[in-house]
>>> print(open('protein31.txt').read())   # compact mmCIF, C-alpha atoms and all ligand atoms
# COMPACT_ATOMS: atom_id res chain seq x y z
CA MET I 904 2.40 -13.50 -10.02
CA PRO I 905 1.01 -15.69 -7.29
CA GLU I 906 1.54 -14.23 -3.83
CA LEU I 907 1.57 -15.90 -0.44
CA PRO I 908 -2.15 -16.83 -0.36
CA GLU I 909 -2.08 -18.43 -3.81
CA VAL I 910 1.12 -20.33 -3.05
CA GLU I 911 -0.33 -21.44 0.28
CA THR I 912 -3.42 -22.71 -1.56
CA VAL I 913 -1.20 -24.62 -3.99
CA ARG I 914 0.79 -25.98 -1.04
CA ARG I 915 -2.28 -27.34 0.73
CA THR I 916 -3.68 -28.91 -2.41
CA LEU I 917 -0.34 -30.32 -3.49
CA GLU I 918 0.24 -31.88 -0.09
CA ARG I 919 -3.17 -33.51 -0.20
CA LEU I 920 -2.55 -34.87 -3.70
CA VAL I 921 1.07 -36.08 -3.54
CA ALA I 922 2.15 -36.63 0.09
CA GLY I 923 2.93 -40.32 0.57
CA LYS I 924 3.61 -40.92 -3.12
CA THR I 925 6.93 -42.41 -4.22
CA ILE I 926 8.75 -41.11 -7.31
CA GLU I 927 9.55 -43.74 -9.90
CA ALA I 928 11.09 -41.50 -12.55
CA VAL I 929 11.61 -37.80 -13.30
CA THR I 930 11.71 -36.26 -16.76
CA VAL I 931 13.01 -32.72 -17.31
CA ARG I 932 12.12 -31.29 -20.72
CA LEU I 933 13.32 -27.73 -20.11
CA PRO I 934 16.70 -27.75 -18.32
CA ARG I 935 16.63 -24.08 -17.36
CA ILE I 936 13.87 -24.70 -14.80
CA ILE I 937 16.35 -26.76 -12.78
CA GLN I 938 18.70 -24.37 -10.96
CA ARG I 939 20.36 -26.91 -8.65
CA PRO I 940 22.13 -29.23 -9.26
CA ASP I 941 23.64 -28.10 -12.57
CA ASP I 942 23.53 -31.64 -13.94
CA ILE I 943 19.97 -32.39 -15.10
CA ALA I 944 20.59 -36.15 -15.23
CA ALA I 945 21.72 -35.98 -11.61
CA PHE I 946 18.54 -34.07 -10.66
CA GLU I 947 16.41 -36.79 -12.24
CA ALA I 948 18.41 -39.66 -10.72
CA MET I 949 18.54 -38.17 -7.20
CA LEU I 950 14.75 -38.03 -6.98
CA GLU I 951 14.09 -41.61 -8.08
CA GLY I 952 12.79 -43.83 -5.31
CA ARG I 953 12.12 -40.91 -2.95
CA THR I 954 8.80 -40.51 -1.19
CA ILE I 955 7.20 -37.08 -0.75
CA ARG I 956 6.46 -36.68 2.97
CA ALA I 957 5.06 -33.16 3.15
CA VAL I 958 4.78 -29.89 1.26
CA GLU I 959 5.72 -26.73 3.12
CA ARG I 960 6.03 -23.07 2.14
CA ARG I 961 8.52 -20.28 2.76
CA GLY I 962 7.38 -16.92 1.40
CA LYS I 963 6.32 -17.57 -2.18
CA PHE I 964 8.40 -20.76 -2.42
CA LEU I 965 7.10 -24.32 -2.11
CA ARG I 966 9.25 -26.85 -0.24
CA LEU I 967 8.59 -30.48 -1.12
CA LEU I 968 10.04 -32.55 1.70
CA LEU I 969 11.18 -35.96 0.47
CA ASP I 970 13.13 -38.75 2.13
CA GLY I 971 16.57 -37.18 2.45
CA LEU I 972 16.00 -34.28 0.03
CA VAL I 973 14.13 -30.98 -0.23
CA LEU I 974 12.84 -29.69 -3.56
CA VAL I 975 12.37 -25.90 -3.54
CA SER I 976 9.98 -24.69 -6.24
CA HIS I 977 9.02 -21.16 -7.25
CA LEU I 978 6.09 -20.70 -9.64
CA ARG I 979 7.09 -17.17 -10.66
CA MET I 980 4.63 -15.75 -13.19
CA GLU I 981 2.61 -18.68 -14.47
CA GLY I 982 4.01 -21.94 -13.11
CA ARG I 983 1.43 -24.51 -12.08
CA TYR I 984 1.24 -28.09 -10.94
CA GLY I 985 -1.25 -30.74 -11.90
CA VAL I 986 -1.69 -34.40 -11.01
CA TYR I 987 -2.63 -36.69 -13.91
CA LYS I 988 -2.85 -40.36 -14.73
CA ALA I 989 0.37 -41.37 -16.48
CA ASP I 990 -1.46 -42.28 -19.69
CA GLU I 991 -3.11 -38.86 -20.06
CA PRO I 992 -1.62 -36.78 -22.89
CA VAL I 993 1.16 -34.44 -21.80
CA GLU I 994 0.01 -30.89 -22.42
CA LYS I 995 2.06 -28.20 -24.09
CA HIS I 996 4.46 -26.28 -21.80
CA THR I 997 4.89 -29.26 -19.44
CA HIS I 998 8.55 -28.93 -18.47
CA VAL I 999 9.03 -31.38 -15.59
CA THR I 1000 7.22 -34.65 -14.89
CA PHE I 1001 7.43 -36.67 -11.69
CA ARG I 1002 6.07 -40.16 -12.32
CA PHE I 1003 4.88 -41.97 -9.21
CA THR I 1004 4.82 -45.70 -8.49
CA ASP I 1005 0.99 -45.61 -8.30
CA GLY I 1006 0.55 -44.76 -11.99
CA THR I 1007 -0.05 -41.03 -11.53
CA GLU I 1008 2.19 -38.10 -12.42
CA LEU I 1009 2.85 -34.67 -11.00
CA ARG I 1010 3.40 -32.34 -13.95
CA TYR I 1011 4.86 -28.84 -13.86
CA LYS I 1012 3.61 -26.51 -16.58
CA ASP I 1013 4.95 -23.03 -17.16
CA VAL I 1014 4.09 -21.01 -20.27
CA ARG I 1015 6.46 -18.18 -19.37
CA GLN I 1016 9.28 -20.55 -18.32
CA PHE I 1017 10.33 -18.32 -15.39
CA GLY I 1018 9.74 -20.93 -12.66
CA THR I 1019 12.65 -22.51 -10.80
CA MET I 1020 13.47 -25.72 -8.92
CA HIS I 1021 16.38 -26.28 -6.55
CA LEU I 1022 17.30 -29.57 -4.89
CA PHE I 1023 18.97 -29.57 -1.46
CA ASP I 1024 19.91 -31.83 1.42
CA PRO I 1025 17.41 -31.32 4.26
CA GLY I 1026 18.03 -28.05 6.11
CA ASP I 1027 20.52 -26.73 3.54
CA ASP I 1028 17.71 -25.14 1.58
CA LEU I 1029 16.93 -22.71 4.38
CA VAL I 1030 20.50 -21.39 4.66
CA GLN I 1031 21.35 -21.11 0.97
CA PRO I 1032 19.87 -19.06 -1.87
CA PRO I 1033 17.12 -18.59 -2.83
CA LEU I 1034 15.57 -19.04 0.64
CA ALA I 1035 18.46 -17.85 2.82
CA LYS I 1036 17.72 -14.13 2.69
CA LEU I 1037 13.94 -14.28 3.05
CA GLY I 1038 12.52 -12.13 5.82
CA LEU I 1039 9.67 -12.58 8.28
CA GLU I 1040 6.97 -15.14 7.50
CA PRO I 1041 3.73 -13.18 7.94
CA LEU I 1042 1.38 -16.06 8.79
CA ASP I 1043 3.85 -17.61 11.22
CA GLU I 1044 3.56 -17.20 15.00
CA SER I 1045 6.91 -15.40 14.87
CA PHE I 1046 5.30 -12.50 13.00
CA GLY I 1047 4.36 -10.59 16.12
CA PHE I 1048 3.93 -6.84 16.23
CA GLU I 1049 7.35 -6.19 17.76
CA ALA I 1050 9.11 -8.30 15.12
CA PHE I 1051 7.24 -6.39 12.41
CA ALA I 1052 7.96 -3.01 13.98
CA ALA I 1053 11.66 -3.85 14.32
CA VAL I 1054 11.88 -4.38 10.56
CA VAL I 1055 9.80 -1.39 9.48
CA ALA I 1056 10.05 1.38 12.04
CA ASP I 1057 13.51 2.81 11.32
CA LYS I 1058 13.53 2.60 7.51
CA THR I 1059 13.40 5.82 5.50
CA THR I 1060 12.10 4.11 2.34
CA LYS I 1061 8.50 4.35 1.20
CA ILE I 1062 6.28 1.83 2.94
CA LYS I 1063 5.01 0.07 -0.19
CA PRO I 1064 8.41 -0.89 -1.70
CA LEU I 1065 9.54 -1.90 1.77
CA LEU I 1066 6.62 -4.31 2.14
CA LEU I 1067 7.35 -5.76 -1.31
CA ASN I 1068 10.98 -6.45 -0.37
CA GLN I 1069 11.14 -10.20 0.33
CA GLU I 1070 14.21 -9.71 2.54
CA TYR I 1071 12.07 -7.90 5.11
CA ILE I 1072 8.74 -9.72 4.85
CA ALA I 1073 8.35 -12.80 2.64
CA GLY I 1074 5.30 -13.54 0.54
CA LEU I 1075 3.68 -10.14 0.00
CA GLY I 1076 3.25 -8.93 -3.59
CA ASN I 1077 1.58 -6.04 -5.36
CA ILE I 1078 -2.03 -7.09 -4.72
CA TYR I 1079 -1.89 -7.78 -0.99
CA VAL I 1080 0.35 -4.81 -0.21
CA ASP I 1081 -2.22 -2.48 -1.80
CA GLU I 1082 -4.99 -4.26 0.10
CA ALA I 1083 -3.19 -4.11 3.46
CA LEU I 1084 -2.27 -0.42 3.09
CA HIS I 1085 -5.87 0.43 2.19
CA LYS I 1086 -7.20 -1.55 5.15
CA ALA I 1087 -4.77 0.24 7.47
CA GLY I 1088 -5.51 3.66 5.92
CA ILE I 1089 -1.86 4.33 5.08
CA HIS I 1090 -0.64 6.12 1.95
CA PRO I 1091 1.70 3.86 -0.06
CA GLU I 1092 4.36 6.59 -0.36
CA ARG I 1093 4.66 7.35 3.33
CA PRO I 1094 8.26 6.90 4.53
CA ALA I 1095 8.24 3.85 6.81
CA ASP I 1096 9.82 5.77 9.68
CA SER I 1097 7.02 8.35 9.59
CA LEU I 1098 4.40 5.81 10.71
CA SER I 1099 3.17 6.21 14.26
CA ARG I 1100 3.09 3.27 16.63
CA LYS I 1101 -0.67 3.18 16.17
CA GLU I 1102 -0.35 3.11 12.38
CA LEU I 1103 2.24 0.35 12.58
CA ARG I 1104 -0.17 -1.70 14.69
CA ALA I 1105 -2.97 -1.13 12.20
CA LEU I 1106 -0.69 -2.13 9.32
CA HIS I 1107 0.55 -5.25 11.07
CA GLU I 1108 -3.00 -6.35 11.76
CA ALA I 1109 -4.08 -5.48 8.19
CA ILE I 1110 -1.30 -7.62 6.68
CA VAL I 1111 -2.22 -10.66 8.76
CA THR I 1112 -5.98 -10.24 8.26
CA THR I 1113 -5.70 -9.63 4.51
CA LEU I 1114 -3.51 -12.68 3.97
CA ARG I 1115 -5.65 -14.91 6.20
CA GLU I 1116 -8.85 -13.92 4.42
CA ALA I 1117 -7.22 -14.62 1.06
CA VAL I 1118 -5.91 -18.00 2.18
CA ASP I 1119 -9.35 -18.92 3.53
CA ALA I 1120 -11.00 -17.87 0.26
CA GLY I 1121 -8.50 -19.73 -1.90
CA GLY I 1122 -8.35 -22.77 0.25
CA SER I 1123 -11.93 -23.73 -0.45
CA SER I 1124 -11.84 -23.20 -4.20
CA ILE I 1125 -9.37 -25.75 -5.53
CA LYS I 1126 -10.40 -29.27 -6.41
CA SER I 1127 -8.10 -31.80 -8.04
CA TYR I 1128 -6.08 -29.51 -10.28
CA VAL I 1129 -3.42 -27.47 -8.58
CA ASN I 1130 -3.36 -24.04 -10.08
CA GLY I 1131 -0.81 -21.30 -9.57
CA GLN I 1132 -3.16 -18.38 -9.99
CA GLY I 1133 -6.52 -19.16 -11.62
CA GLU I 1134 -8.31 -19.50 -8.30
CA MET I 1135 -7.39 -15.96 -7.34
CA GLY I 1136 -10.69 -15.00 -8.94
CA MET I 1137 -12.50 -16.18 -5.85
CA PHE I 1138 -10.75 -13.63 -3.73
CA GLN I 1139 -10.56 -10.85 -6.26
CA GLN I 1140 -14.28 -10.30 -5.83
CA GLN I 1141 -13.46 -9.21 -2.29
CA LEU I 1142 -10.56 -6.89 -3.11
CA SER I 1143 -10.94 -3.37 -1.74
CA ALA I 1144 -8.25 -1.43 -3.60
CA TYR I 1145 -6.22 -3.47 -6.09
CA GLY I 1146 -7.63 -3.41 -9.64
CA ARG I 1147 -10.50 -1.09 -8.65
CA LYS I 1148 -9.39 2.17 -10.32
CA GLY I 1149 -12.37 4.57 -10.51
CA GLU I 1150 -14.61 2.34 -8.43
CA PRO I 1151 -15.99 3.52 -5.06
CA CYS I 1152 -13.97 2.96 -1.91
CA HIS I 1153 -15.88 0.61 0.40
CA ARG I 1154 -15.11 2.87 3.36
CA CYS I 1155 -15.73 6.44 2.12
CA GLY I 1156 -17.40 6.09 -1.28
CA GLY I 1157 -14.69 8.14 -3.03
CA ALA I 1158 -12.98 6.85 -6.15
CA ILE I 1159 -9.99 4.51 -5.91
CA VAL I 1160 -7.08 5.95 -7.91
CA LYS I 1161 -4.18 4.24 -9.64
CA THR I 1162 -0.66 5.60 -9.60
CA VAL I 1163 2.89 4.25 -9.77
CA VAL I 1164 4.98 3.76 -6.63
CA GLY I 1165 8.47 2.28 -6.86
CA GLY I 1166 7.77 1.28 -10.44
CA ARG I 1167 4.66 -0.73 -9.54
CA GLY I 1168 1.05 0.01 -10.38
CA THR I 1169 -0.54 1.08 -7.11
CA HIS I 1170 -4.19 1.44 -6.11
CA PHE I 1171 -5.29 3.49 -3.14
CA CYS I 1172 -8.03 5.77 -1.81
CA PRO I 1173 -6.91 9.44 -1.64
CA GLN I 1174 -9.48 10.13 1.10
CA CYS I 1175 -8.70 7.19 3.40
CA GLN I 1176 -4.94 7.05 2.72
CA LYS I 1177 -3.56 10.59 3.06
CA PRO I 1178 0.05 11.65 2.76
CA LYS I 1179 1.19 12.68 6.24
CA GLY I 1180 0.33 16.25 7.15
CA LYS I 1181 -2.76 16.43 4.98
CA ARG I 1182 -4.90 14.25 7.21
CA SER I 1183 -6.75 17.25 8.68
CA GLY I 1184 -7.59 20.75 7.53
CA ALA I 1185 -8.31 21.87 4.00
CA ALA I 1186 -8.85 18.44 2.56
CA ARG I 1187 -11.73 17.89 4.95
CA THR I 1188 -13.66 21.07 4.20
CA GLY I 1189 -14.90 20.00 0.82
CA VAL I 1190 -16.32 16.70 2.06
ZN ZN I 1201 -11.82 5.67 1.00
>>> encode(input="protein31.txt", output="structure tokens", more="lines below")
Ligand SMILES: [Zn+2]
Amino acid sequence: MPELPEVETVRRTLERLVAGKTIEAVTVRLPRIIQRPDDIAAFEAMLEGRTIRAVERRGKFLRLLLDGLVLVSHLRMEGRYGVYKADEPVEKHTHVTFRFTDGTELRYKDVRQFGTMHLFDPGDDLVQPPLAKLGLEPLDESFGFEAFAAVVADKTTKIKPLLLNQEYIAGLGNIYVDEALHKAGIHPERPADSLSRKELRALHEAIVTTLREAVDAGGSSIKSYVNGQGEMGMFQQQLSAYGRKGEPCHRCGGAIVKTVVGGRGTHFCPQCQKPKGKRSGAARTGV
């Protein structure tokens, strides 16, 4: 599933490709993608004649800002956008097409069909589901250390599931949580309220740095086709923990291990990310 950096990359590319374009007609081929309004014909009709002004992001959601409307789009597992000339063949799994007045089309493809679109009046989207309950936005100025600590510090849950919970912090997924915890040297099963102030600072910094590096890597890799996840490959070469089971830790040389935390496959370094209380003593003697 695309996480914040991939969605941010899609957002930037999408904005460059479609901002300023005016919708002539919308065709929905798979009604279940459209979650709001219930009436598909109304969804299509409401968008006609509207110009896309900007594309923003909230967590893993895209927000297409049009004249007088906001289209909220979630790519889920495999949703992706592409811009085509209107006379190009429509590929399989294309579920929604936005035809523009300039003879191009924005097409939404989704093999798994899990993606969603919601249409709102401006501002309503932020106070209604699915965006209403989203937590802190980690690349926003508002994501300061104190705001982060206020969310994390008193929770008794394990730190990894907490970071995955979109109601606390929006946009993190399995890959970047593993990366941030490795960078901060924190075991994924540590209870959040067991983290010291120093560890919280390290984790806060690791989250921001990890996401920024991923956005920077992804932002340079996409050309004309907007892709929900294919360009992740650029950044995966730089991953330190996720997907590296058995490979050497970049910090200590020990093997990265894979386990399951909160039902999710989890990669970490047993040397660099110790459960609390085992940081010193016996574990060190064998090194
Ligand atoms: Zn290590």
>>> closest_residue(input="protein31.txt", among="I:Val1054, I:Leu1022, I:Cys1175, I:Leu1106", to="Pro1151 of chain I", atoms="all atoms listed in the file")
I:Cys1175
>>> residues_near_ligand(input="protein31.txt", ligand="ligand ZN 1201 (chain I)", cutoff="12 Å", atoms="all atoms listed in the file", output="ChimeraX atom specification")
/I:1084-1090,1143-1144,1147,1149-1160,1170-1177,1190
>>> atom_distance(input="protein31.txt", atom1="atom CA of Glu918 of chain I", atom2="atom CA of Tyr1011 of chain I")
14.8 Å
>>> closest_residue(input="protein31.txt", among="I:Thr954, I:Thr925, I:Ser1045, I:Thr930", to="Ile1072 of chain I", atoms="all atoms listed in the file")
I:Ser1045
>>> atom_distance(input="protein31.txt", atom1="atom CA of Thr1162 of chain I", atom2="atom CA of Gly1146 of chain I")
11.4 Å
>>> closest_residue(input="protein31.txt", among="I:Ala1053, I:Met904, I:Ala922, I:Val929", to="Gly1018 of chain I", atoms="only C-alpha atoms")
I:Met904
>>> residues_around(input="protein31.txt", residues="Leu968 of chain I", least_positions_apart="4", cutoff="7 Å", atoms="only C-alpha atoms", output="list in words")
Ile955, Arg956, Ala957, Val958, Leu972, Val973 and Leu974 of chain I
>>> atom_distance(input="protein31.txt", atom1="atom CA of Leu1034 of chain I", atom2="atom CA of Pro1094 of chain I")
27.2 Å
>>> closest_residue(input="protein31.txt", among="I:Asp941, I:Glu1108, I:Asp1119, I:Glu911", to="Gly1047 of chain I", atoms="all atoms listed in the file")
I:Glu1108
>>> residues_around(input="protein31.txt", residues="Leu965 of chain I", least_positions_apart="6", cutoff="9 Å", atoms="all atoms listed in the file", output="ChimeraX atom specification")
/I:910-911,913-914,958-959,974-978
>>> closest_residue(input="protein31.txt", among="I:Glu1116, I:Asp1027, I:Asp1013, I:Glu991", to="Leu907 of chain I", atoms="all atoms listed in the file")
I:Glu1116
>>> closest_residue(input="protein31.txt", among="I:Lys988, I:Arg966, I:Lys1179, I:Lys1161", to="His1021 of chain I", atoms="all atoms listed in the file")
I:Arg966
>>> residues_around(input="protein31.txt", residues="Pro1064 of chain I", least_positions_apart="2", cutoff="10 Å", atoms="all atoms listed in the file", output="list of chain:residue names")
I:Thr1060, I:Lys1061, I:Ile1062, I:Leu1066, I:Leu1067, I:Asn1068, I:Gln1069, I:Gly1076, I:Asn1077, I:Val1080, I:Pro1091, I:Glu1092, I:Pro1094, I:Ala1095, I:Val1164, I:Gly1165, I:Gly1166, I:Arg1167
>>> closest_atom_pairs(input="protein31.txt", of="segment 931-971 of chain I", to="segment 993-1004 of chain I", cutoff="12 Å", atoms="all atoms listed in the file", output="CSV")
residue,atom,partner,partner_atom,distance
I:Val931,CA,I:Val999,CA,4.5
I:Arg932,CA,I:His998,CA,4.8
I:Leu933,CA,I:His998,CA,5.2
I:Pro934,CA,I:His998,CA,8.2
I:Arg935,CA,I:His998,CA,9.5
I:Ile936,CA,I:His998,CA,7.7
I:Ile937,CA,I:Val999,CA,9.1
I:Ile943,CA,I:Val999,CA,11.0
I:Phe946,CA,I:Val999,CA,11.0
I:Glu947,CA,I:Phe1001,CA,9.0
I:Ala948,CA,I:Phe1001,CA,11.4
I:Leu950,CA,I:Phe1001,CA,8.8
I:Glu951,CA,I:Phe1001,CA,9.0
I:Gly952,CA,I:Thr1004,CA,8.8
I:Arg953,CA,I:Phe1003,CA,9.6
I:Thr954,CA,I:Phe1003,CA,9.0
I:Ile955,CA,I:Phe1003,CA,10.0
>>> axis_aligned_box(input="protein31.txt", around="segment 1001-1017 of chain I", padding_each_side="4 Å", output="AutoDock Vina command-line options")
--center_x 5.1 --center_y -31.9 --center_z -14.3 --size_x 18.4 --size_y 35.5 --size_z 20.0
>>> residues_around(input="protein31.txt", residues="Asp1005 of chain I", least_positions_apart="4", cutoff="12 Å", atoms="all atoms listed in the file", output="count of residues only")
14
>>> decode(input="protein31.txt", residues="segment 962-988 of chain I", atoms="N, CA and C atoms", output="PDB file, in the first residue's frame")
ATOM      1  N   GLY I 962      -2.684  12.901   5.126  1.00  0.00           N
ATOM      2  CA  GLY I 962      -2.322  11.516   5.385  1.00  0.00           C
ATOM      3  C   GLY I 962      -2.066  10.815   4.062  1.00  0.00           C
ATOM      4  N   LYS I 963      -2.752   9.686   3.860  1.00  0.00           N
ATOM      5  CA  LYS I 963      -2.583   8.942   2.613  1.00  0.00           C
ATOM      6  C   LYS I 963      -3.682   9.289   1.597  1.00  0.00           C
ATOM      7  N   PHE I 964      -4.452  10.331   1.877  1.00  0.00           N
ATOM      8  CA  PHE I 964      -5.524  10.723   0.963  1.00  0.00           C
ATOM      9  C   PHE I 964      -5.096  11.886   0.073  1.00  0.00           C
ATOM     10  N   LEU I 965      -5.518  11.849  -1.190  1.00  0.00           N
ATOM     11  CA  LEU I 965      -5.361  12.986  -2.092  1.00  0.00           C
ATOM     12  C   LEU I 965      -6.616  13.843  -2.000  1.00  0.00           C
ATOM     13  N   ARG I 966      -6.434  15.167  -2.091  1.00  0.00           N
ATOM     14  CA  ARG I 966      -7.568  16.101  -2.128  1.00  0.00           C
ATOM     15  C   ARG I 966      -7.450  16.938  -3.401  1.00  0.00           C
ATOM     16  N   LEU I 967      -8.318  16.673  -4.349  1.00  0.00           N
ATOM     17  CA  LEU I 967      -8.338  17.471  -5.571  1.00  0.00           C
ATOM     18  C   LEU I 967      -9.275  18.657  -5.355  1.00  0.00           C
ATOM     19  N   LEU I 968      -8.702  19.848  -5.324  1.00  0.00           N
ATOM     20  CA  LEU I 968      -9.493  21.045  -5.071  1.00  0.00           C
ATOM     21  C   LEU I 968      -9.993  21.596  -6.397  1.00  0.00           C
ATOM     22  N   LEU I 969     -11.323  21.591  -6.565  1.00  0.00           N
ATOM     23  CA  LEU I 969     -11.938  22.107  -7.785  1.00  0.00           C
ATOM     24  C   LEU I 969     -12.712  23.374  -7.439  1.00  0.00           C
ATOM     25  N   ASP I 970     -13.206  24.051  -8.465  1.00  0.00           N
ATOM     26  CA  ASP I 970     -14.091  25.189  -8.216  1.00  0.00           C
ATOM     27  C   ASP I 970     -15.318  24.694  -7.462  1.00  0.00           C
ATOM     28  N   GLY I 971     -15.420  25.022  -6.188  1.00  0.00           N
ATOM     29  CA  GLY I 971     -16.636  24.711  -5.439  1.00  0.00           C
ATOM     30  C   GLY I 971     -16.813  23.270  -4.999  1.00  0.00           C
ATOM     31  N   LEU I 972     -15.818  22.420  -5.178  1.00  0.00           N
ATOM     32  CA  LEU I 972     -15.912  21.025  -4.739  1.00  0.00           C
ATOM     33  C   LEU I 972     -14.524  20.501  -4.357  1.00  0.00           C
ATOM     34  N   VAL I 973     -14.510  19.487  -3.510  1.00  0.00           N
ATOM     35  CA  VAL I 973     -13.265  18.784  -3.187  1.00  0.00           C
ATOM     36  C   VAL I 973     -13.474  17.296  -3.437  1.00  0.00           C
ATOM     37  N   LEU I 974     -12.590  16.716  -4.217  1.00  0.00           N
ATOM     38  CA  LEU I 974     -12.643  15.269  -4.467  1.00  0.00           C
ATOM     39  C   LEU I 974     -11.554  14.615  -3.621  1.00  0.00           C
ATOM     40  N   VAL I 975     -11.971  13.761  -2.689  1.00  0.00           N
ATOM     41  CA  VAL I 975     -11.039  13.048  -1.809  1.00  0.00           C
ATOM     42  C   VAL I 975     -10.830  11.648  -2.378  1.00  0.00           C
ATOM     43  N   SER I 976      -9.573  11.293  -2.625  1.00  0.00           N
ATOM     44  CA  SER I 976      -9.269  10.019  -3.287  1.00  0.00           C
ATOM     45  C   SER I 976      -8.241   9.236  -2.474  1.00  0.00           C
ATOM     46  N   HIS I 977      -8.543   7.965  -2.238  1.00  0.00           N
ATOM     47  CA  HIS I 977      -7.583   7.086  -1.560  1.00  0.00           C
ATOM     48  C   HIS I 977      -7.221   5.942  -2.500  1.00  0.00           C
ATOM     49  N   LEU I 978      -5.933   5.715  -2.701  1.00  0.00           N
ATOM     50  CA  LEU I 978      -5.466   4.718  -3.667  1.00  0.00           C
ATOM     51  C   LEU I 978      -5.513   3.300  -3.109  1.00  0.00           C
ATOM     52  N   ARG I 979      -5.599   3.203  -1.777  1.00  0.00           N
ATOM     53  CA  ARG I 979      -5.576   1.886  -1.122  1.00  0.00           C
ATOM     54  C   ARG I 979      -4.429   1.018  -1.632  1.00  0.00           C
ATOM     55  N   MET I 980      -4.711  -0.220  -2.051  1.00  0.00           N
ATOM     56  CA  MET I 980      -3.617  -1.128  -2.385  1.00  0.00           C
ATOM     57  C   MET I 980      -2.912  -0.792  -3.701  1.00  0.00           C
ATOM     58  N   GLU I 981      -3.695  -0.649  -4.761  1.00  0.00           N
ATOM     59  CA  GLU I 981      -3.064  -0.551  -6.082  1.00  0.00           C
ATOM     60  C   GLU I 981      -3.668   0.518  -6.979  1.00  0.00           C
ATOM     61  N   GLY I 982      -4.387   1.465  -6.416  1.00  0.00           N
ATOM     62  CA  GLY I 982      -4.958   2.521  -7.243  1.00  0.00           C
ATOM     63  C   GLY I 982      -3.873   3.397  -7.849  1.00  0.00           C
ATOM     64  N   ARG I 983      -4.081   3.825  -9.093  1.00  0.00           N
ATOM     65  CA  ARG I 983      -3.119   4.725  -9.715  1.00  0.00           C
ATOM     66  C   ARG I 983      -3.782   5.600 -10.760  1.00  0.00           C
ATOM     67  N   TYR I 984      -3.210   6.776 -10.917  1.00  0.00           N
ATOM     68  CA  TYR I 984      -3.730   7.723 -11.892  1.00  0.00           C
ATOM     69  C   TYR I 984      -2.787   7.813 -13.077  1.00  0.00           C
ATOM     70  N   GLY I 985      -3.363   8.089 -14.233  1.00  0.00           N
ATOM     71  CA  GLY I 985      -2.563   8.366 -15.415  1.00  0.00           C
ATOM     72  C   GLY I 985      -3.259   9.398 -16.268  1.00  0.00           C
ATOM     73  N   VAL I 986      -2.473  10.218 -16.957  1.00  0.00           N
ATOM     74  CA  VAL I 986      -3.043  11.195 -17.884  1.00  0.00           C
ATOM     75  C   VAL I 986      -2.759  10.729 -19.310  1.00  0.00           C
ATOM     76  N   TYR I 987      -3.800  10.678 -20.118  1.00  0.00           N
ATOM     77  CA  TYR I 987      -3.722  10.145 -21.481  1.00  0.00           C
ATOM     78  C   TYR I 987      -4.400  11.108 -22.445  1.00  0.00           C
ATOM     79  N   LYS I 988      -4.090  10.952 -23.727  1.00  0.00           N
ATOM     80  CA  LYS I 988      -4.901  11.615 -24.746  1.00  0.00           C
ATOM     81  C   LYS I 988      -6.215  10.853 -24.828  1.00  0.00           C
TER      82      LYS I 988
END
